[in-house]
Amino acid sequence: MAVTNADTWAFLVGGGELGELTRTKDWSQTPIGLPEQWPQSLRTILGMVLHAQAPMFLWWGTELIQFYNDAYRPSLGITGKHPTALGQCGRDCWPETWPTIKPLIDKVLAGGSAGAENQLIPIYRNGRLEDVYWSFGYSPIWNEIGQVAGVLVICQETTQKVVVAREEQARFRFAMEVAQFGIWEVDPVTNLVHWDKRSAGLFGLTSNQAIPYETAIRHIYPDDLNLVNEAVRRGMDPQSDGQYDLIYRTIGAEDSLLRWVRFRGRSVFNQAGELNRFSGIAHEVTHEVLARQAVEANAAYLQRVFRSAAIGMAIFEGPHFVIEVANPSVCAIWGRTEFEVLGKPLFEALPEAAGQGFEELLAGVMATRQPFVGRELPAIINRLGQFTTVYFDFVYEPLPDDQGQVNRILVTASDATERRQVRQHIEASEANLRSLFAQAPVAICILRGPELIYQMANELYLTIVGRSNLEDLVGKSLLKALPELREQGIDALIKGVMSTGIAFSATERSVDLWRNGQLETGYFNFIYEPLRDADQSIAGVFVTVTEVTQQILARQRVEANEAYLQRIFRHAAVTLAIFRGPEFIIELANNAVCAVWGRTEAQVLGKPLFEALPELIGQGFEQLLTDVLQTGVPFVGVELPATIHRNGLLIPGYYNLVFEPLFEADGRASRILQTATEVTELVLARQQTDKLLDRERELNELKSNFVTLASHEFRTPMGTILSSASLIGHYNGPNEVDKRDRHVQRIKSAVHSLTGLLNDFLSLSQMEQATIRGRPQPIDIKLFCAELMEDMQDVIKPGQRLIYQHQSGQTTILLDGQMLKNILINLLVNASKYSTDEKEIELMTAVAGEQLLITVKDEGIGIPDTDKDKLFISFFRSRNVAHVAGTGLGLYIVKRYVDLLGGTITFTSELDSGTIFTIQLPLATQSQ
């Protein structure tokens, strides 16, 4: 056996147990040979490994011969690979993990690096294959000719940390489930809402699939929407404290139920003030709000565990601690690049580190040759221009030279900030869990062991089981603390959960308990959940209980009352019906309303209203019922029209209706009571009376207008006739012929006006009495219009010119000539009356197909826009013709004649420019 000369090889001096094993091992039996054959690069790195306080492992050469130090030794277990692993080939030592670690080794041997945080790499130790978690970094080691000759592993076993974190998460999820809390998160990048089923259920969703924020808020009660949006905006504002806590209402997306919910959370911002996370918890508080009880619940915020930094490594040389070596991990810790630190004194490269005590620590290691180990020591580091307090685990290890002089210090460091934060988080979470247990809104207890010993119970549980002190339960078995439970099967149910590991739940279960000095029967909802130890064995049962005795008794009373009311309802003389939910399911319908509907009970009960009576669709009742259900405000309708299918016919009718909302205990309107009375006969009788009264009113008004107009319009021409007749007798001389002719002409004009006026009144009377009928006869339209134009010459104003043109089509037509003449005379008289002297009046006709087209155009005063829609009303006169005599009947009569002939009349007009009337009249046929 070859023994290493410790005095000869300084790099093997010290190093604890592994240093001793390395010195005494017979290396001649290994592929790398004796230490004197080892290259300087192996000696240097091995000396560093053996003296390092951090766990380190080294593979060297093509056979990957192994070295490790005392800090790594505990990871191999009490029994197993140690000490055989020292000097052993990697493949032979790690057969169970070689497929995992060999690719990492190859990557480093190729010049790269590798590492991971909390990675599962099972190893064989302590007589079995154990799941072990590691945080590690693989780094290349170069030999003297610049080739990668070895792989250095700086690692830390994190199994306990991972187990603790997972147990904490499991406890947290369990606590949240027990407390009936949901978890939610809004992703600030995608704007998606992520939530569990409980949180999604608060919005009436059965799926917990992530949905856009905009979609989620559609199910918030409209009155609360602005409040929620403002609270979310404020919670996500980096200028705020990031807290979010709000109670508001939701309307179920799938069940349309109104819920009061409480959503609480907080925002997490990075150092740049950007939102990283917005998350929290939620639960339903409907009962608390309706009962006006303030419920305070403490909830733990799920936070992410910051990833711990990789272990850093550096070597400082000389009294100024010149940075001789610095790997990427330590550079990341320092917030610098290798270029920025290599070859520089430590406190020049990191000036902010000066004055924090590190100079004294390093100088002490140099002077005493004793390592210094720091645990979670704070340091202020300038990273990316910001000074940050970071907590470190680090070791200053003196590196002696061949003469035993210490001129270098090996530094190994890891960022312990995350671990410190995790520990604080765990402590806070445990405190929150204890608080949550005590303040939970349901009764809770924990039973341990096969005897079901009470370990914990909250105040609400004590109240439910009728005990006043915790000492009455804790430390005692279930049946000893509550002997009245014997023979009720409760202990068997709990033991079944312990034996099977399957949770058990029951609702409205009756249990007899000794309370208030007597044995009382109560009704309860409860859940039995198995509690598992770290090895997954079942150690106890977690019990949650809610008493529902009052609800059960109240429901029984309600059911009895409902049965009684239904008997009264069905035989009531008034029409009654009850509709349930947004589909208006016909829940009750008495005999009277079925008779009105023309259906039997079997045809309508249990069906949506608009399925049972489809003829009601589109008559406005859907919106009326929906408004009552949503607002909770009754609707009263008087004489509403409705058409109902009865006896094979659609029968219109009128009804007095009342839609009365019926409310649940939580104040939500869920049903509508309809009472109705048919008033069809009354409405029809009144409508007939109203029509007769309206007709009489119109006739009276027409008579009044006629008398007024007749007295006014007759007075002027009669006065003219009387005046001219009296004056004409004074002109007897032979030179006074012109004067006599002028008065004769005035008399003729007045007589013509009276004749036209009487014709208008006669036509109006005939039209109102419906005595006029069309009598078609052959007409030569050109000759007809030419004669009419000649007759009109004596009527038009001086200097006015009448122009007629038949534009196209046949000239012989079949039409009522008298009606046509009345139409044209009225239009031409109006054109002359409302035009000044010297203006042209055009009449144009055309025959196209079976239609006579007539156009009358003038250059008169025009019609105001505000009067155009009233132009064909009897006795109406435009506001700009007050200075011109008239009755307001001309255009009314024209319109009535056109209607009698089955035609249409339209016009266009501009003030002070003139008016164009266009008439289309269908031509009669020989058969007519």
# chains A, B, ... in the order shown; residues from 1 in each chain; ligands from 1
>>> residues_around(residues="Leu684 of chain A", least_positions_apart="4", cutoff="12 Å", atoms="only C-alpha atoms", output="ChimeraX atom specification")
/A:639,641,652-655,678-680,688-691
>>> select_by_dssp(residues="segment 755-905 of chain A", states="strand (DSSP E or B)", output="NGL selection string")
:A and (777-780 or 801-808 or 812-815 or 840-848 or 851-857 or 904-905)
>>> residues_around(residues="Ile381 of chain A", least_positions_apart="5", cutoff="7 Å", atoms="only C-alpha atoms", output="list in words")
Trp334, Glu352, Ala353, Phe387, Thr388, Thr389 and Val390 of chain A
>>> atom_distance(atom1="atom CA of Arg198 of chain A", atom2="atom CA of Ile220 of chain A")
16.3 Å
>>> closest_atom_pairs(of="segment 138-254 of chain A", to="segment 106-127 of chain A", cutoff="8 Å", atoms="only C-alpha atoms", output="CSV")
residue,atom,partner,partner_atom,distance
A:Tyr138,CA,A:Ala114,CA,5.0
A:Ser139,CA,A:Ser113,CA,5.3
A:Pro140,CA,A:Val108,CA,5.5
A:Val148,CA,A:Leu109,CA,5.7
A:Ala149,CA,A:Leu109,CA,7.3
A:Gly150,CA,A:Leu109,CA,7.1
A:Val151,CA,A:Val108,CA,6.8
A:Thr158,CA,A:Asn118,CA,6.1
A:Thr159,CA,A:Asn118,CA,7.7
A:Val162,CA,A:Asn118,CA,7.1
>>> write_last_selection(atoms="N, CA, C and O atoms", output="PDB file, in the first residue's frame")
ATOM      1  N   TYR A 138     -21.965  22.598 -12.119  1.00  0.00           N
ATOM      2  CA  TYR A 138     -20.855  21.847 -12.683  1.00  0.00           C
ATOM      3  C   TYR A 138     -19.962  22.833 -13.442  1.00  0.00           C
ATOM      4  O   TYR A 138     -20.445  23.560 -14.317  1.00  0.00           O
ATOM      5  N   SER A 139     -18.668  22.858 -13.141  1.00  0.00           N
ATOM      6  CA  SER A 139     -17.734  23.777 -13.789  1.00  0.00           C
ATOM      7  C   SER A 139     -16.544  22.994 -14.350  1.00  0.00           C
ATOM      8  O   SER A 139     -16.084  22.017 -13.741  1.00  0.00           O
ATOM      9  N   PRO A 140     -16.011  23.423 -15.517  1.00  0.00           N
ATOM     10  CA  PRO A 140     -14.848  22.727 -16.081  1.00  0.00           C
ATOM     11  C   PRO A 140     -13.554  23.115 -15.344  1.00  0.00           C
ATOM     12  O   PRO A 140     -13.387  24.240 -14.884  1.00  0.00           O
ATOM     13  N   VAL A 148      -9.972  20.632 -20.965  1.00  0.00           N
ATOM     14  CA  VAL A 148     -10.818  20.334 -19.816  1.00  0.00           C
ATOM     15  C   VAL A 148     -10.483  18.932 -19.343  1.00  0.00           C
ATOM     16  O   VAL A 148     -10.734  17.945 -20.033  1.00  0.00           O
ATOM     17  N   ALA A 149      -9.901  18.876 -18.126  1.00  0.00           N
ATOM     18  CA  ALA A 149      -9.454  17.592 -17.597  1.00  0.00           C
ATOM     19  C   ALA A 149     -10.339  17.091 -16.480  1.00  0.00           C
ATOM     20  O   ALA A 149     -10.242  15.917 -16.105  1.00  0.00           O
ATOM     21  N   GLY A 150     -11.166  17.974 -15.939  1.00  0.00           N
ATOM     22  CA  GLY A 150     -11.988  17.550 -14.821  1.00  0.00           C
ATOM     23  C   GLY A 150     -13.248  18.377 -14.723  1.00  0.00           C
ATOM     24  O   GLY A 150     -13.422  19.367 -15.421  1.00  0.00           O
ATOM     25  N   VAL A 151     -14.134  17.911 -13.852  1.00  0.00           N
ATOM     26  CA  VAL A 151     -15.399  18.590 -13.614  1.00  0.00           C
ATOM     27  C   VAL A 151     -15.533  18.810 -12.111  1.00  0.00           C
ATOM     28  O   VAL A 151     -15.489  17.850 -11.330  1.00  0.00           O
ATOM     29  N   THR A 158     -30.668  19.884  -0.842  1.00  0.00           N
ATOM     30  CA  THR A 158     -31.811  20.721  -0.442  1.00  0.00           C
ATOM     31  C   THR A 158     -33.040  19.867  -0.156  1.00  0.00           C
ATOM     32  O   THR A 158     -34.165  20.362  -0.192  1.00  0.00           O
ATOM     33  N   THR A 159     -32.800  18.572   0.144  1.00  0.00           N
ATOM     34  CA  THR A 159     -33.947  17.674   0.351  1.00  0.00           C
ATOM     35  C   THR A 159     -34.870  18.182   1.456  1.00  0.00           C
ATOM     36  O   THR A 159     -36.093  18.269   1.284  1.00  0.00           O
ATOM     37  N   VAL A 162     -36.864  21.237   0.343  1.00  0.00           N
ATOM     38  CA  VAL A 162     -37.949  20.910  -0.576  1.00  0.00           C
ATOM     39  C   VAL A 162     -39.102  20.241   0.161  1.00  0.00           C
ATOM     40  O   VAL A 162     -40.281  20.566  -0.053  1.00  0.00           O
TER      41      VAL A 162
END
>>> closest_residue(among="A:Ala831, A:Ala848, A:Ile502, A:Met236", to="Gln810 of chain A", atoms="only C-alpha atoms")
A:Ala848
>>> residues_around(residues="Glu185 of chain A", least_positions_apart="6", cutoff="10 Å", atoms="only C-alpha atoms", output="PyMOL selection string")
chain A and resi 191-196+210+265-267+277-281
>>> write_last_selection(atoms="all heavy atoms", output="CSV table (one decimal), in the first residue's frame")
chain,number,residue,atom,x,y,z
A,191,ASN,N,-53.5,39.2,-19.1
A,191,ASN,CA,-54.8,39.7,-18.5
A,191,ASN,C,-55.8,38.6,-18.4
A,191,ASN,O,-57.0,38.8,-18.4
A,191,ASN,CB,-55.4,40.8,-19.5
A,191,ASN,CG,-56.3,41.7,-18.7
A,191,ASN,OD1,-56.0,42.0,-17.5
A,191,ASN,ND2,-57.3,42.2,-19.3
A,192,LEU,N,-55.3,37.3,-18.2
A,192,LEU,CA,-56.1,36.2,-17.9
A,192,LEU,C,-56.3,36.0,-16.4
A,192,LEU,O,-55.4,36.3,-15.6
A,192,LEU,CB,-55.5,34.9,-18.5
A,192,LEU,CG,-55.5,34.8,-20.0
A,192,LEU,CD1,-54.8,33.5,-20.4
A,192,LEU,CD2,-57.0,34.8,-20.6
A,193,VAL,N,-57.5,35.6,-16.0
A,193,VAL,CA,-57.8,35.3,-14.6
A,193,VAL,C,-57.7,33.8,-14.4
A,193,VAL,O,-58.4,33.0,-15.0
A,193,VAL,CB,-59.3,35.7,-14.3
A,193,VAL,CG1,-59.5,35.4,-12.8
A,193,VAL,CG2,-59.4,37.2,-14.5
A,194,HIS,N,-56.7,33.4,-13.6
A,194,HIS,CA,-56.5,32.0,-13.2
A,194,HIS,C,-57.1,31.8,-11.8
A,194,HIS,O,-56.8,32.6,-10.9
A,194,HIS,CB,-55.0,31.7,-13.2
A,194,HIS,CG,-54.3,31.9,-14.5
A,194,HIS,ND1,-54.2,30.9,-15.5
A,194,HIS,CD2,-53.7,33.0,-15.0
A,194,HIS,CE1,-53.6,31.4,-16.5
A,194,HIS,NE2,-53.3,32.6,-16.3
A,195,TRP,N,-57.9,30.7,-11.7
A,195,TRP,CA,-58.5,30.5,-10.4
A,195,TRP,C,-58.8,29.0,-10.2
A,195,TRP,O,-58.8,28.2,-11.2
A,195,TRP,CB,-59.7,31.3,-10.2
A,195,TRP,CG,-60.7,31.3,-11.4
A,195,TRP,CD1,-60.8,30.5,-12.4
A,195,TRP,CD2,-61.7,32.3,-11.6
A,195,TRP,NE1,-61.7,30.8,-13.3
A,195,TRP,CE2,-62.3,32.0,-12.9
A,195,TRP,CE3,-62.1,33.5,-11.0
A,195,TRP,CZ2,-63.4,32.7,-13.4
A,195,TRP,CZ3,-63.2,34.2,-11.5
A,195,TRP,CH2,-63.8,33.8,-12.7
A,196,ASP,N,-59.0,28.6,-9.0
A,196,ASP,CA,-59.4,27.2,-8.7
A,196,ASP,C,-60.9,27.1,-8.8
A,196,ASP,O,-61.6,28.1,-9.1
A,196,ASP,CB,-58.9,26.7,-7.3
A,196,ASP,CG,-59.5,27.6,-6.2
A,196,ASP,OD1,-60.4,28.5,-6.5
A,196,ASP,OD2,-59.0,27.4,-5.1
A,210,ALA,N,-59.0,29.2,-17.2
A,210,ALA,CA,-58.6,30.6,-17.2
A,210,ALA,C,-59.4,31.4,-18.2
A,210,ALA,O,-59.7,30.9,-19.3
A,210,ALA,CB,-57.1,30.8,-17.4
A,265,GLY,N,-56.5,40.2,-2.0
A,265,GLY,CA,-55.2,39.9,-2.7
A,265,GLY,C,-54.3,41.1,-2.5
A,265,GLY,O,-54.5,42.1,-1.8
A,266,ARG,N,-53.2,40.9,-3.2
A,266,ARG,CA,-52.2,42.0,-3.2
A,266,ARG,C,-51.4,41.9,-4.5
A,266,ARG,O,-51.4,40.9,-5.2
A,266,ARG,CB,-51.3,41.9,-2.0
A,266,ARG,CG,-50.5,40.6,-2.0
A,266,ARG,CD,-49.4,40.6,-0.9
A,266,ARG,NE,-48.4,41.6,-1.3
A,266,ARG,CZ,-47.3,41.8,-0.5
A,266,ARG,NH1,-47.1,41.1,0.6
A,266,ARG,NH2,-46.4,42.7,-0.9
A,267,SER,N,-50.8,43.0,-4.8
A,267,SER,CA,-49.9,43.1,-6.0
A,267,SER,C,-48.5,43.0,-5.6
A,267,SER,O,-48.1,43.5,-4.5
A,267,SER,CB,-50.1,44.4,-6.7
A,267,SER,OG,-51.4,44.5,-7.2
A,277,ARG,N,-47.2,40.4,-10.2
A,277,ARG,CA,-48.2,39.4,-9.8
A,277,ARG,C,-49.4,40.1,-9.1
A,277,ARG,O,-49.1,41.0,-8.3
A,277,ARG,CB,-47.6,38.3,-8.9
A,277,ARG,CG,-48.6,37.2,-8.6
A,277,ARG,CD,-47.8,36.1,-7.8
A,277,ARG,NE,-48.7,35.0,-7.6
A,277,ARG,CZ,-48.3,33.9,-6.8
A,277,ARG,NH1,-47.1,33.9,-6.2
A,277,ARG,NH2,-49.1,32.9,-6.7
A,278,PHE,N,-50.6,39.7,-9.4
A,278,PHE,CA,-51.8,40.2,-8.7
A,278,PHE,C,-52.6,39.0,-8.4
A,278,PHE,O,-53.3,38.4,-9.2
A,278,PHE,CB,-52.5,41.2,-9.6
A,278,PHE,CG,-53.7,41.8,-8.9
A,278,PHE,CD1,-53.6,42.4,-7.6
A,278,PHE,CD2,-54.9,41.8,-9.5
A,278,PHE,CE1,-54.7,43.0,-7.0
A,278,PHE,CE2,-56.0,42.4,-8.9
A,278,PHE,CZ,-55.9,43.0,-7.7
A,279,SER,N,-52.6,38.6,-7.1
A,279,SER,CA,-53.3,37.3,-6.7
A,279,SER,C,-53.9,37.4,-5.3
A,279,SER,O,-53.6,38.3,-4.6
A,279,SER,CB,-52.3,36.1,-6.8
A,279,SER,OG,-51.2,36.4,-5.9
A,280,GLY,N,-54.6,36.4,-5.0
A,280,GLY,CA,-55.2,36.4,-3.6
A,280,GLY,C,-56.2,35.2,-3.5
A,280,GLY,O,-56.1,34.2,-4.2
A,281,ILE,N,-57.1,35.4,-2.5
A,281,ILE,CA,-58.0,34.4,-2.2
A,281,ILE,C,-59.4,35.0,-2.3
A,281,ILE,O,-59.6,36.2,-2.3
A,281,ILE,CB,-57.8,33.8,-0.7
A,281,ILE,CG1,-57.9,35.0,0.3
A,281,ILE,CG2,-56.4,33.2,-0.7
A,281,ILE,CD1,-57.7,34.5,1.7
>>> select_by_dssp(residues="segment 523-709 of chain A", states="helix (DSSP H, G or I)", output="PyMOL selection string")
chain A and resi 549-570+591-597+601-604+609-612+614-616+621-631+680-709
>>> residues_around(residues="Glu611 of chain A", least_positions_apart="4", cutoff="12 Å", atoms="only C-alpha atoms", output="PyMOL selection string")
chain A and resi 583-586+603-607+615-617+622
>>> write_last_selection(atoms="N, CA, C and O atoms", output="CSV table (one decimal), in the first residue's frame")
chain,number,residue,atom,x,y,z
A,583,GLU,N,-86.6,31.4,-17.0
A,583,GLU,CA,-87.4,30.8,-18.1
A,583,GLU,C,-88.9,30.8,-17.8
A,583,GLU,O,-89.7,30.4,-18.6
A,584,PHE,N,-89.3,31.3,-16.6
A,584,PHE,CA,-90.7,31.4,-16.2
A,584,PHE,C,-91.4,30.1,-16.3
A,584,PHE,O,-92.4,29.9,-16.9
A,585,ILE,N,-90.8,29.1,-15.6
A,585,ILE,CA,-91.5,27.8,-15.5
A,585,ILE,C,-92.8,27.9,-14.8
A,585,ILE,O,-92.9,28.6,-13.7
A,586,ILE,N,-93.8,27.4,-15.3
A,586,ILE,CA,-95.2,27.4,-14.7
A,586,ILE,C,-95.2,26.4,-13.5
A,586,ILE,O,-95.3,25.2,-13.7
A,603,GLN,N,-101.2,20.3,-19.3
A,603,GLN,CA,-100.6,20.9,-20.5
A,603,GLN,C,-99.6,22.0,-20.2
A,603,GLN,O,-98.8,22.4,-21.0
A,604,VAL,N,-99.7,22.6,-19.0
A,604,VAL,CA,-98.9,23.8,-18.7
A,604,VAL,C,-97.9,23.6,-17.5
A,604,VAL,O,-96.8,24.2,-17.5
A,605,LEU,N,-98.2,22.8,-16.5
A,605,LEU,CA,-97.4,22.7,-15.3
A,605,LEU,C,-96.0,22.2,-15.6
A,605,LEU,O,-95.9,21.2,-16.4
A,606,GLY,N,-95.0,22.8,-15.1
A,606,GLY,CA,-93.6,22.4,-15.3
A,606,GLY,C,-93.0,22.8,-16.6
A,606,GLY,O,-91.8,22.5,-16.8
A,607,LYS,N,-93.7,23.5,-17.4
A,607,LYS,CA,-93.2,24.0,-18.7
A,607,LYS,C,-92.9,25.5,-18.6
A,607,LYS,O,-93.6,26.2,-17.9
A,615,GLU,N,-98.1,31.5,-28.4
A,615,GLU,CA,-98.7,32.6,-29.0
A,615,GLU,C,-98.4,33.9,-28.3
A,615,GLU,O,-98.6,35.0,-28.8
A,616,LEU,N,-97.9,33.8,-27.0
A,616,LEU,CA,-97.6,35.1,-26.3
A,616,LEU,C,-96.3,35.7,-26.7
A,616,LEU,O,-96.0,36.8,-26.3
A,617,ILE,N,-95.4,34.9,-27.4
A,617,ILE,CA,-94.1,35.4,-27.8
A,617,ILE,C,-94.3,36.6,-28.7
A,617,ILE,O,-95.1,36.6,-29.6
A,622,GLU,N,-92.5,38.9,-22.3
A,622,GLU,CA,-91.2,38.5,-21.9
A,622,GLU,C,-90.4,39.6,-21.2
A,622,GLU,O,-89.8,39.4,-20.1
>>> atom_distance(atom1="atom CA of Gly632 of chain A", atom2="atom CA of Leu205 of chain A")
24.6 Å
>>> atom_distance(atom1="atom CA of Asp245 of chain A", atom2="atom CA of Leu225 of chain A")
14.7 Å
>>> residues_around(residues="segment 891-894 of chain A", least_positions_apart="2", cutoff="6 Å", atoms="only C-alpha atoms", output="ChimeraX atom specification")
/A:823,872-874,889,896-897
>>> residues_around(residues="Arg369 of chain A", least_positions_apart="6", cutoff="12 Å", atoms="only C-alpha atoms", output="number ranges by chain")
A: 51, 361-363, 396-401, 404-410
